[in-house]
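Below is the file data_0.cif, which contains mmCIF, C-alpha atoms and all ligand atoms.
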data_data
loop_
_atom_site.label_atom_id
_atom_site.label_comp_id
_atom_site.auth_asym_id
_atom_site.auth_seq_id
_atom_site.Cartn_x
_atom_site.Cartn_y
_atom_site.Cartn_z
CA MET A 1 106.04 51.66 101.65
CA HIS A 2 107.40 48.72 103.58
CA VAL A 3 105.13 49.37 106.49
CA PHE A 4 102.17 49.77 104.20
CA ASN A 5 102.91 46.46 102.47
CA PHE A 6 103.21 44.75 105.78
CA LEU A 7 99.79 45.99 106.85
CA ILE A 8 98.19 44.86 103.62
CA PHE A 9 99.73 41.44 104.08
CA GLY A 10 98.47 41.25 107.61
CA VAL A 11 94.92 42.03 106.57
CA GLN A 12 94.96 39.67 103.63
CA SER A 13 96.05 36.78 105.76
CA TRP A 14 92.64 37.00 107.39
CA VAL A 15 90.44 37.59 104.36
CA VAL A 16 92.13 34.81 102.37
CA GLN A 17 89.87 32.38 104.20
CA THR A 18 86.82 31.64 102.11
CA VAL A 19 83.96 29.29 102.78
CA HIS A 20 82.65 26.68 100.45
CA ALA A 21 80.05 28.21 98.14
CA ALA A 22 77.99 25.05 97.69
CA SER A 23 77.64 22.16 100.12
CA PRO A 24 80.71 19.99 99.87
CA ASN A 25 80.51 16.34 98.92
CA GLY A 26 81.43 14.77 102.24
CA PRO A 27 82.77 16.62 105.27
CA PRO A 28 83.87 20.25 104.74
CA GLY A 29 87.56 21.03 104.59
CA SER A 30 89.18 22.41 107.73
CA ASN A 31 90.10 26.06 107.96
CA VAL A 32 93.57 26.16 106.39
CA PHE A 33 94.99 28.10 109.35
CA ASP A 34 93.81 25.43 111.77
CA ILE A 35 95.82 22.69 110.09
CA PHE A 36 98.87 24.58 108.77
CA ASP A 37 101.27 27.18 110.00
CA VAL A 38 100.99 29.31 106.84
CA ASP A 39 103.99 31.29 105.64
CA GLN A 40 103.75 34.86 104.34
CA SER A 41 104.70 33.62 100.86
CA CYS A 42 101.18 32.17 100.57
CA VAL A 43 99.35 35.44 101.14
CA SER A 44 98.11 35.84 97.56
CA ARG A 45 97.10 32.18 97.20
CA ASP A 46 93.62 30.82 97.77
CA LEU A 47 94.70 27.98 100.00
CA GLN A 48 91.18 27.34 101.28
CA LYS A 49 90.16 26.31 97.75
CA LEU A 50 92.98 23.77 97.77
CA VAL A 51 91.95 22.41 101.16
CA ASN A 52 88.28 22.16 100.16
CA GLU A 53 88.96 20.46 96.83
CA ALA A 54 91.55 18.10 98.29
CA THR A 55 89.10 17.15 101.05
CA GLU A 56 86.45 16.22 98.47
CA MET A 57 88.93 14.16 96.48
CA ALA A 58 90.23 12.35 99.57
CA TYR A 59 86.65 11.69 100.69
CA ALA A 60 85.59 10.33 97.28
CA GLY A 61 88.73 8.19 97.14
CA SER A 62 88.10 6.77 100.59
CA LEU A 63 84.49 5.91 99.66
CA ILE A 64 85.44 4.06 96.50
CA VAL A 65 88.42 2.27 98.03
CA ASN A 66 86.27 1.05 100.91
CA GLN A 67 83.49 -0.10 98.59
CA GLY A 68 85.97 -1.89 96.34
CA ALA A 69 87.89 -3.48 99.18
CA THR A 70 84.73 -4.98 100.63
CA GLY A 71 83.42 -6.00 97.21
CA GLN A 72 80.39 -3.75 97.68
CA SER A 73 80.60 -2.12 94.29
CA LEU A 74 81.84 -3.31 90.93
CA PRO A 75 83.18 0.13 90.00
CA GLY A 76 85.12 0.13 93.26
CA VAL A 77 86.68 -3.22 92.45
CA ALA A 78 87.49 -2.02 88.94
CA TYR A 79 89.15 1.11 90.34
CA LEU A 80 91.34 -0.88 92.67
CA TYR A 81 92.48 -2.99 89.78
CA GLY A 82 92.83 -0.19 87.25
CA LEU A 83 94.66 2.44 89.30
CA PHE A 84 96.36 0.33 91.96
CA GLY A 85 96.81 -2.99 90.19
CA ALA A 86 95.01 -4.71 93.06
CA ALA A 87 92.28 -7.29 92.61
CA ALA A 88 89.69 -8.39 95.13
CA ALA A 89 89.72 -12.01 93.99
CA PRO A 90 92.70 -14.31 93.34
CA ASP A 91 94.01 -14.14 89.77
CA ASP A 92 95.23 -17.07 87.66
CA GLU A 93 98.55 -17.18 89.46
CA GLY A 94 96.81 -17.13 92.81
CA THR A 95 98.84 -14.08 93.89
CA ARG A 96 95.81 -11.99 94.77
CA PRO A 97 93.80 -10.71 96.58
CA LYS A 98 95.89 -7.88 97.87
CA ASP A 99 95.78 -6.35 101.28
CA PHE A 100 93.67 -3.22 100.87
CA SER A 101 94.35 -1.85 104.33
CA THR A 102 97.31 0.19 103.05
CA LEU A 103 95.14 1.99 100.51
CA GLN A 104 92.34 2.50 103.01
CA THR A 105 94.74 3.83 105.63
CA CYS A 106 96.40 6.31 103.25
CA PHE A 107 93.05 7.77 102.21
CA GLN A 108 91.67 7.80 105.74
CA ARG A 109 94.69 9.52 107.30
CA THR A 110 94.76 12.15 104.57
CA LEU A 111 91.04 12.77 105.01
CA ASN A 112 91.46 12.87 108.80
CA PHE A 113 94.03 15.61 108.42
CA LEU A 114 92.08 17.66 105.86
CA ALA A 115 88.59 17.40 107.29
CA TYR A 116 89.13 16.78 111.00
CA GLY A 117 92.47 18.43 111.68
CA VAL A 118 94.15 15.23 112.90
CA GLN A 119 97.90 15.69 112.59
CA PRO A 120 99.95 12.59 111.75
CA SER A 121 101.26 10.98 114.91
CA GLY A 122 104.86 11.82 114.01
CA ASN A 123 104.21 15.57 114.31
CA VAL A 124 105.45 15.97 117.83
CA PHE A 125 108.08 18.40 119.03
CA ASN A 126 108.95 18.81 122.72
CA GLY A 127 105.91 16.71 123.59
CA LYS A 128 103.48 18.94 121.66
CA THR A 129 101.65 18.21 118.44
CA VAL A 130 102.83 20.66 115.79
CA LYS A 131 101.30 21.77 112.51
CA PRO A 132 103.23 21.49 109.26
CA ARG A 133 104.63 24.74 107.93
CA LEU A 134 103.30 25.61 104.49
CA TYR A 135 105.32 27.72 102.01
CA CYS A 136 104.25 28.95 98.56
CA ASP A 137 107.71 29.78 97.18
CA ASP A 138 111.33 29.04 98.05
CA SER A 139 112.38 32.57 99.04
CA SER A 140 112.77 31.54 102.69
CA PHE A 141 115.20 28.73 101.86
CA GLN A 142 118.69 30.16 101.80
CA HIS A 143 121.06 28.18 99.60
CA GLN A 144 124.52 27.89 101.20
CA ALA A 145 127.87 26.46 100.12
CA ARG A 146 128.59 23.22 101.94
CA GLN A 147 131.87 24.71 103.22
CA ALA A 148 130.00 27.63 104.83
CA GLN A 149 129.88 27.89 108.62
CA ALA A 150 126.92 25.92 109.93
CA THR A 151 124.02 27.51 111.76
CA GLN A 152 122.81 25.59 114.79
CA LEU A 153 119.26 24.76 115.79
CA ASP A 154 119.12 27.87 117.99
CA GLY A 155 120.27 30.16 115.14
CA GLN A 156 123.84 30.62 116.48
CA LEU A 157 126.84 29.86 114.24
CA ALA A 158 128.52 26.55 115.01
CA THR A 159 132.06 26.55 116.47
CA ASP A 160 134.36 23.93 117.92
CA GLY A 161 135.83 23.93 121.44
CA ASN A 162 138.42 26.55 120.41
CA GLY A 163 135.86 28.91 118.95
CA ASP A 164 136.84 28.04 115.37
CA PRO A 165 134.06 27.82 112.77
CA LEU A 166 132.54 24.45 111.85
CA SER A 167 131.36 23.92 108.29
CA ILE A 168 127.97 22.54 107.28
CA GLU A 169 129.56 19.45 105.73
CA LEU A 170 131.44 18.72 108.94
CA VAL A 171 128.50 19.19 111.29
CA TYR A 172 126.22 17.13 109.04
CA SER A 173 128.85 14.67 107.87
CA SER A 174 126.69 11.57 108.41
CA ASP A 175 123.73 13.16 106.59
CA PHE A 176 126.10 14.10 103.75
CA LEU A 177 127.35 10.51 103.51
CA ASP A 178 123.77 9.21 103.43
CA PHE A 179 122.83 11.68 100.74
CA ILE A 180 125.88 10.94 98.59
CA GLU A 181 125.26 7.21 98.87
CA LYS A 182 121.62 7.61 97.88
CA ASN A 183 121.96 10.26 95.17
CA ALA A 184 125.54 9.81 93.93
CA ALA A 185 126.03 13.59 94.29
CA PHE A 186 126.83 16.14 96.98
CA PRO A 187 123.77 17.69 98.59
CA GLU A 188 122.94 21.37 98.22
CA PRO A 189 122.31 22.76 101.73
CA HIS A 190 119.43 25.17 102.32
CA LEU A 191 119.02 26.98 105.61
CA VAL A 192 115.49 27.74 106.75
CA ASN A 193 114.54 29.67 109.86
CA ILE A 194 111.23 28.50 111.29
CA PRO A 195 109.55 31.20 113.38
CA GLN A 196 108.07 30.59 116.80
CA THR A 197 104.44 29.46 117.07
CA SER A 198 102.29 28.60 120.08
CA ASP A 199 103.43 24.98 119.57
CA HIS A 200 107.19 25.40 119.27
CA PRO A 201 110.07 27.89 119.66
CA ALA A 202 111.85 29.49 116.70
CA PHE A 203 114.63 27.37 115.28
CA SER A 204 116.90 26.94 112.28
CA GLN A 205 117.42 23.82 110.27
CA TYR A 206 118.92 22.57 107.05
CA ILE A 207 117.28 20.89 104.14
CA PHE A 208 119.49 19.04 101.69
CA THR A 209 118.37 18.57 98.11
CA ASP A 210 119.86 17.69 94.76
CA ARG A 211 119.66 21.24 93.40
CA ALA A 212 120.47 24.80 94.36
CA GLN A 213 116.99 26.17 93.71
CA LEU A 214 114.17 24.30 95.42
CA CYS A 215 111.52 25.66 93.04
CA ALA A 216 113.57 25.09 89.89
CA PRO A 217 111.55 25.07 86.64
CA GLY A 218 109.40 21.96 86.42
CA ARG A 219 109.32 21.49 90.21
CA TYR A 220 105.86 21.85 91.68
CA GLY A 221 106.20 20.98 95.32
CA GLN A 222 108.11 19.12 97.99
CA THR A 223 107.51 17.71 101.44
CA PHE A 224 110.36 17.57 103.91
CA ARG A 225 110.12 15.16 106.73
CA ALA A 226 112.70 13.76 109.11
CA GLN A 227 115.15 15.11 106.59
CA THR A 228 118.30 16.46 108.12
CA HIS A 229 119.17 17.69 111.46
CA SER A 230 122.28 16.26 112.96
CA GLY A 231 121.43 14.19 115.98
CA GLY A 232 117.70 14.26 115.47
CA GLU A 233 114.90 14.36 113.02
CA ASN A 234 113.25 17.40 111.56
CA PRO A 235 110.61 18.18 114.19
CA VAL A 236 108.31 20.37 112.06
CA PRO A 237 107.36 19.03 108.65
CA ILE A 238 107.51 21.47 105.76
CA ILE A 239 105.30 21.47 102.71
CA LEU A 240 106.55 23.67 99.90
CA LEU A 241 104.23 24.52 97.01
CA CYS A 242 106.21 26.08 94.16
CA PRO A 243 104.67 28.95 92.14
CA ASP A 244 104.47 26.77 89.00
CA CYS A 245 102.09 24.34 90.73
CA PHE A 246 99.34 26.94 90.74
CA SER A 247 99.26 26.90 86.94
CA TYR A 248 99.82 23.16 86.53
CA GLY A 249 96.74 21.15 85.65
CA ASN A 250 94.06 21.49 82.98
CA SER A 251 91.13 22.64 85.08
CA PRO A 252 90.90 25.86 87.10
CA SER A 253 88.94 24.06 89.81
CA LEU A 254 87.59 20.66 90.78
CA GLY A 255 84.55 19.83 88.66
CA PHE A 256 84.88 22.95 86.50
CA SER A 257 83.81 20.95 83.44
CA ALA A 258 81.98 17.68 82.88
CA PRO A 259 83.38 14.95 80.61
CA THR A 260 81.99 15.23 77.09
CA TYR A 261 83.10 12.02 75.41
CA VAL A 262 83.89 8.39 76.20
CA GLY A 263 87.64 7.89 76.40
CA GLN A 264 88.34 11.37 77.75
CA SER A 265 91.46 11.48 79.92
CA LEU A 266 91.45 12.22 83.63
CA ASP A 267 94.26 14.67 82.88
CA ASP A 268 91.67 17.01 81.38
CA PHE A 269 90.19 17.47 84.86
CA LEU A 270 93.29 17.83 87.06
CA PRO A 271 92.56 20.96 89.12
CA LYS A 272 95.36 23.52 89.14
CA GLY A 273 97.16 23.78 92.44
CA THR A 274 95.08 21.12 94.16
CA ASN A 275 96.83 18.43 92.16
CA THR A 276 100.21 19.29 93.72
CA PHE A 277 98.75 20.16 97.12
CA LEU A 278 97.03 16.79 97.50
CA HIS A 279 100.08 14.99 96.09
CA GLU A 280 102.20 16.54 98.86
CA LEU A 281 99.60 15.66 101.49
CA PHE A 282 99.79 12.03 100.45
CA HIS A 283 103.48 12.26 101.30
CA PHE A 284 102.75 13.97 104.58
CA ALA A 285 99.59 12.53 106.13
CA PRO A 286 100.07 8.74 105.89
CA TRP A 287 102.88 8.82 108.46
CA TRP A 288 103.86 5.31 109.59
CA PRO A 289 104.89 5.52 113.24
CA SER A 290 106.21 1.97 113.37
CA ALA A 291 108.64 2.67 110.54
CA ASN A 292 109.13 6.28 111.69
CA ALA A 293 108.99 7.25 108.05
CA ILE A 294 106.85 8.55 105.27
CA PHE A 295 105.15 5.62 103.74
CA THR A 296 104.05 7.18 100.48
CA GLY A 297 106.79 8.42 98.17
CA ASP A 298 107.45 8.81 94.47
CA PRO A 299 108.71 5.34 93.66
CA ALA A 300 108.19 5.39 89.94
CA TYR A 301 110.60 7.92 88.49
CA PRO A 302 110.54 9.26 85.88
CA GLN A 303 106.92 8.73 84.93
CA LYS A 304 105.41 8.71 88.44
CA ASP A 305 103.32 11.82 87.83
CA ASP A 306 101.72 11.11 84.50
CA LEU A 307 98.58 9.15 83.96
CA ALA A 308 100.10 6.46 81.74
CA GLY A 309 102.91 5.98 84.26
CA VAL A 310 100.44 5.62 87.13
CA THR A 311 98.11 3.16 85.41
CA THR A 312 100.96 0.83 84.43
CA LEU A 313 102.43 0.58 87.93
CA LEU A 314 102.14 -2.74 89.71
CA TYR A 315 100.51 -2.84 93.11
CA ASP A 316 103.68 -2.72 95.19
CA LYS A 317 104.72 0.58 93.59
CA ALA A 318 101.27 2.04 93.01
CA SER A 319 100.30 1.63 96.67
CA THR A 320 103.30 3.74 97.74
CA ASN A 321 103.07 6.30 94.93
CA ALA A 322 101.54 9.63 95.96
CA GLN A 323 100.28 10.52 92.49
CA SER A 324 98.40 7.22 92.19
CA TYR A 325 96.26 8.35 95.13
CA VAL A 326 95.64 11.76 93.56
CA TYR A 327 94.40 10.24 90.30
CA PHE A 328 92.31 7.74 92.23
CA GLY A 329 90.67 10.50 94.28
CA LEU A 330 89.95 12.57 91.18
CA ALA A 331 88.55 9.59 89.28
CA ALA A 332 86.38 8.62 92.24
CA TRP A 333 85.07 12.17 92.59
CA TYR A 334 84.05 12.34 88.92
CA SER A 335 82.33 8.96 89.03
CA LEU A 336 80.42 9.89 92.16
CA TYR A 337 79.58 13.55 91.65
CA LYS A 338 80.02 14.76 88.06
CA PRO A 339 78.12 12.88 85.37
CA ALA A 340 79.34 13.26 81.80
CA ASN A 341 77.33 15.17 79.26
CA ILE A 342 77.60 13.15 76.05
CA ASN A 343 75.52 14.31 73.11
CA GLY A 344 73.10 15.96 75.50
CA GLN A 345 72.71 12.81 77.60
CA SER A 346 73.83 12.51 81.21
CA GLN A 347 76.05 9.46 81.71
CA THR A 348 78.03 8.21 84.67
CA LEU A 349 81.59 7.44 83.66
CA VAL A 350 84.20 5.39 85.45
CA PHE A 351 87.86 6.29 85.09
CA ASN A 352 89.35 3.10 86.46
CA ASN A 353 91.91 2.95 83.65
CA GLY A 354 92.37 6.70 83.56
CA TYR A 355 89.98 7.25 80.66
CA GLY A 356 86.23 7.60 80.90
CA GLU A 357 84.12 4.55 80.21
CA ILE A 358 80.36 4.30 80.47
CA LEU A 359 79.23 2.64 83.65
CA TYR A 360 76.52 0.02 83.17
CA GLU A 361 74.71 -0.75 86.35
CA GLY A 362 72.24 -3.52 87.05
CA PRO A 363 72.06 -7.09 85.77
ZN ZN B 401 106.07 13.59 95.31
#

Can I see the file as structure tokens?
Amino acid sequence: MHVFNFLIFGVQSWVVQTVHAASPNGPPGSNVFDIFDVDQSCVSRDLQKLVNEATEMAYAGSLIVNQGATGQSLPGVAYLYGLFGAAAAPDDEGTRPKDFSTLQTCFQRTLNFLAYGVQPSGNVFNGKTVKPRLYCDDSSFQHQARQAQATQLDGQLATDGNGDPLSIELVYSSDFLDFIEKNAAFPEPHLVNIPQTSDHPAFSQYIFTDRAQLCAPGRYGQTFRAQTHSGGENPVPIILLCPDCFSYGNSPSLGFSAPTYVGQSLDDFLPKGTNTFLHELFHFAPWWPSANAIFTGDPAYPQKDDLAGVTTLLYDKASTNAQSYVYFGLAAWYSLYKPANINGQSQTLVFNNGYGEILYEGP
């Protein structure tokens, strides 16, 4: 039975690739296997749908942000103000305009990854560009006690000069101190063994989080980057999509339904799975080499993910908040490609404040 299962899995990993049924708006999404090293845990998931939808949202977002930043379109300007708190002209206090290059760069780098397979410049291991490793559950992340004997990069157990075991908390003592300082709690170590690919050898590494179960209830995904590896940074980024993310969102797919009334919330159109997937990519793709860090985080706990939380963020937080980019991309996509059907009439809506308003064009 085991062998049989294995064969089925092997076959499915090839047929999981699907092509876009209709022409995409903008460039087509890359083949998921060209841009990710996909883990077995994803075998039953339609990842290509996520890539295709995320590509369309990143493309629509980049169009609107570029139009708004150059003042080419009033809706674009309104979007920048509504979802990022950025205005193209100085306000009463003279504190604006904002620098739009951050927003443009985040959209462009995410689109470059999704559509053109450009890996962020930080993805280098042993001089080779590496793909991120994509997981669809946390079964490969082995939770260990912090007093347990540490596993080294090469998979061997860590010992001191006398052959005595070294614990995880001793080997990673500086990472532990950093974590405790930042989170006011001990980290929970998780060991993950990354298999060999054509880009890198097999190796083992630790990920430290604030909980024993990475995909605890209410957790949808996580991106690990430069996280923990004593004496160096995590060379292969990991994107973990938790099973719950595939049922989170109010629409089965991007554009499944058109808006039907003025004031309808963007939340009604969040596509299941793609919402979390694109959120994680906004953590992953806008890598800032000069800072050697992820630029886009989740700065607005606890309400970073909900629409009201996003639309009330000021520019400095909104421009570094992954979910702000997801809502912006979704709003842009609906304004550009999916007119509302209101009382039998086709209307273009803008969602610059998160809720559909009728767009009046012309003088
Ligand atoms: Zn996040």

Select from chain A every residue with an atom at most 7 Å from any atom of ligand ZN 401 (chain B), then for each give the shortest pair of atoms and their distance in Å to one decimal, using all atoms listed in the file, rows by chain and rising number, as a tab-separated table.
residue	atom	partner	partner_atom	distance
A:Gln222	CA	B:ZN401	ZN	6.5
A:His279	CA	B:ZN401	ZN	6.2
A:Glu280	CA	B:ZN401	ZN	6.0
A:His283	CA	B:ZN401	ZN	6.7
A:Gly297	CA	B:ZN401	ZN	6.0
A:Asp298	CA	B:ZN401	ZN	5.0
A:Ala322	CA	B:ZN401	ZN	6.1

Just to confirm, what's the straight-line distance from atom CA of A:Ala185 to atom CA of A:Glu169 in Å (one decimal)?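 About the pair atom CA of A:Ala185 and atom CA of A:Glu169: they are 13.3 Å apart.
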
Between atom CA of A:Thr223 and atom CA of A:Pro24, measure the distance and give it in Å to one decimal. 26.9 Å

Distance query A:Tyr248 at most 10 Å, all atoms listed in the file, self and fewer than 6 positions along chain excluded, as a list in words: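 The filter keeps Gly218, Tyr220, Leu270, Pro271, Lys272, Gly273, Thr274, Asn275 and Thr276 of chain A.
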
Proximity to A:Ile180 - best of A:Phe33, A:Leu50, A:Leu281, A:Thr209, all atoms listed in the file: A:Thr209

In file coordinates, which residues lie within 12 Å of (106.0, 27.6, 100.2) using all atoms listed in the file, given as JSON, numbers by chain? {"A": [36, 37, 38, 39, 40, 41, 42, 43, 44, 45, 47, 132, 133, 134, 135, 136, 137, 138, 139, 140, 141, 192, 214, 215, 220, 221, 222, 223, 224, 238, 239, 240, 241, 242, 243, 244, 245, 246, 277, 280]}

Quick one: pull the distance between atom CA of A:Phe125 and atom CA of A:Ser198, Å, one decimal.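 Separation between atom CA of A:Phe125 and atom CA of A:Ser198: 11.8 Å.
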
Pull stretch 239-254 of chain A out of the block and emit N, CA and C atoms, as a CSV table (one decimal), in the first residue's frame.
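The result, stored in part35.csv:
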chain,number,residue,atom,x,y,z
A,239,ILE,N,8.3,28.8,2.5
A,239,ILE,CA,6.9,29.3,2.6
A,239,ILE,C,6.0,28.1,3.0
A,240,LEU,N,5.4,28.3,4.1
A,240,LEU,CA,4.5,27.3,4.7
A,240,LEU,C,3.0,27.8,4.5
A,241,LEU,N,2.2,27.1,3.8
A,241,LEU,CA,0.8,27.3,3.7
A,241,LEU,C,0.1,26.3,4.6
A,242,CYS,N,-0.7,26.8,5.6
A,242,CYS,CA,-1.3,25.8,6.5
A,242,CYS,C,-2.6,25.4,5.9
A,243,PRO,N,-3.1,24.1,6.2
A,243,PRO,CA,-4.3,23.6,5.6
A,243,PRO,C,-5.5,24.6,5.7
A,244,ASP,N,-5.6,25.3,6.8
A,244,ASP,CA,-6.8,26.2,7.0
A,244,ASP,C,-6.8,27.3,6.0
A,245,CYS,N,-5.7,27.7,5.4
A,245,CYS,CA,-5.7,28.8,4.4
A,245,CYS,C,-6.4,28.5,3.2
A,246,PHE,N,-6.6,27.2,2.9
A,246,PHE,CA,-7.3,26.8,1.6
A,246,PHE,C,-8.8,26.9,1.8
A,247,SER,N,-9.3,27.2,3.0
A,247,SER,CA,-10.7,27.4,3.2
A,247,SER,C,-11.0,28.8,3.7
A,248,TYR,N,-9.9,29.6,3.8
A,248,TYR,CA,-10.1,31.0,4.3
A,248,TYR,C,-10.3,32.0,3.2
A,249,GLY,N,-11.3,32.7,3.3
A,249,GLY,CA,-11.6,33.7,2.2
A,249,GLY,C,-13.1,33.4,1.8
A,250,ASN,N,-13.7,34.4,1.2
A,250,ASN,CA,-15.2,34.2,0.9
A,250,ASN,C,-15.5,33.9,-0.6
A,251,SER,N,-14.4,33.7,-1.4
A,251,SER,CA,-14.7,33.4,-2.8
A,251,SER,C,-13.8,32.2,-3.2
A,252,PRO,N,-14.4,31.2,-3.9
A,252,PRO,CA,-13.6,30.1,-4.3
A,252,PRO,C,-12.5,30.4,-5.2
A,253,SER,N,-12.6,31.4,-6.0
A,253,SER,CA,-11.6,31.8,-6.9
A,253,SER,C,-11.6,33.3,-7.2
A,254,LEU,N,-10.6,33.8,-7.8
A,254,LEU,CA,-10.5,35.3,-8.1
A,254,LEU,C,-11.6,35.6,-9.2
